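Trainee: Dumping the structure here so I can ask a few things about it.
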Amino acid sequence: MKFGVDDAADLMPLKGLYRSQVLRIAEAVGVPAEVLARTPNPEMLPGIEDKYLDIFGVPAPTVDLMLWGIEHHLPNVDIAHDTGVAPAKVAEVREAMRVSAHMRQPSRQPDLTMLLRP
């Protein structure tokens with residue numbers, strides 16, 4: 001994070017990883033257990049203890065598996081079967097991914113170089 005903005009950084013080596021993968025790396029490099037045990041809390045929404053449980057009713061490791069399935073174009077029924085959640089819950093997470101897709105895209109800018117040519 002740079003200047004308080006989530007996607008503003010000079011280097012983001014963990015950006016493409018799921019939460020569970022980041023936790024495995026953190027454990028391997030010796031991050032204290034008390035940090036690893038923290039819930040995924042955005043700390044900006046009062047009353048939200050674990051954003052995945054509170055918003056989707058699904059624990060973070062299961063959400064990671066659902067996201068992987070969605071990103072790899074698996075059908076909702078297959079993801080539901082493999083994760084033990086209802087297909088409707090997978091559809092809900094898929095829709096949340098769809099409407100928030102713009103947040104995962106790099107910043108864009110117009111090409112104005114043609115205006116600078118003599």
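Residues in the structure tokens are named by chain (A, B, ... in the order shown) and by number from 1 within that chain; ligands are numbered from 1 in the order shown.
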List as a PyMOL selection string the protein and nucleic acid residues near segment 85-100 of chain A, meaning an atom at most 10 Å away when only C-alpha atoms are counted, but skip any in the same chain fewer than 2 places from it.

Mentor: chain A and resi 55-58+62-63+66-67+69-71+75-83+102-105

Trainee: If you run DSSP on the backbone, which residues of chain A are alpha helix (DSSP H), as a PyMOL selection string?

Mentor: chain A and resi 19-28+33-36+51-56+60-71+76-83+87-99
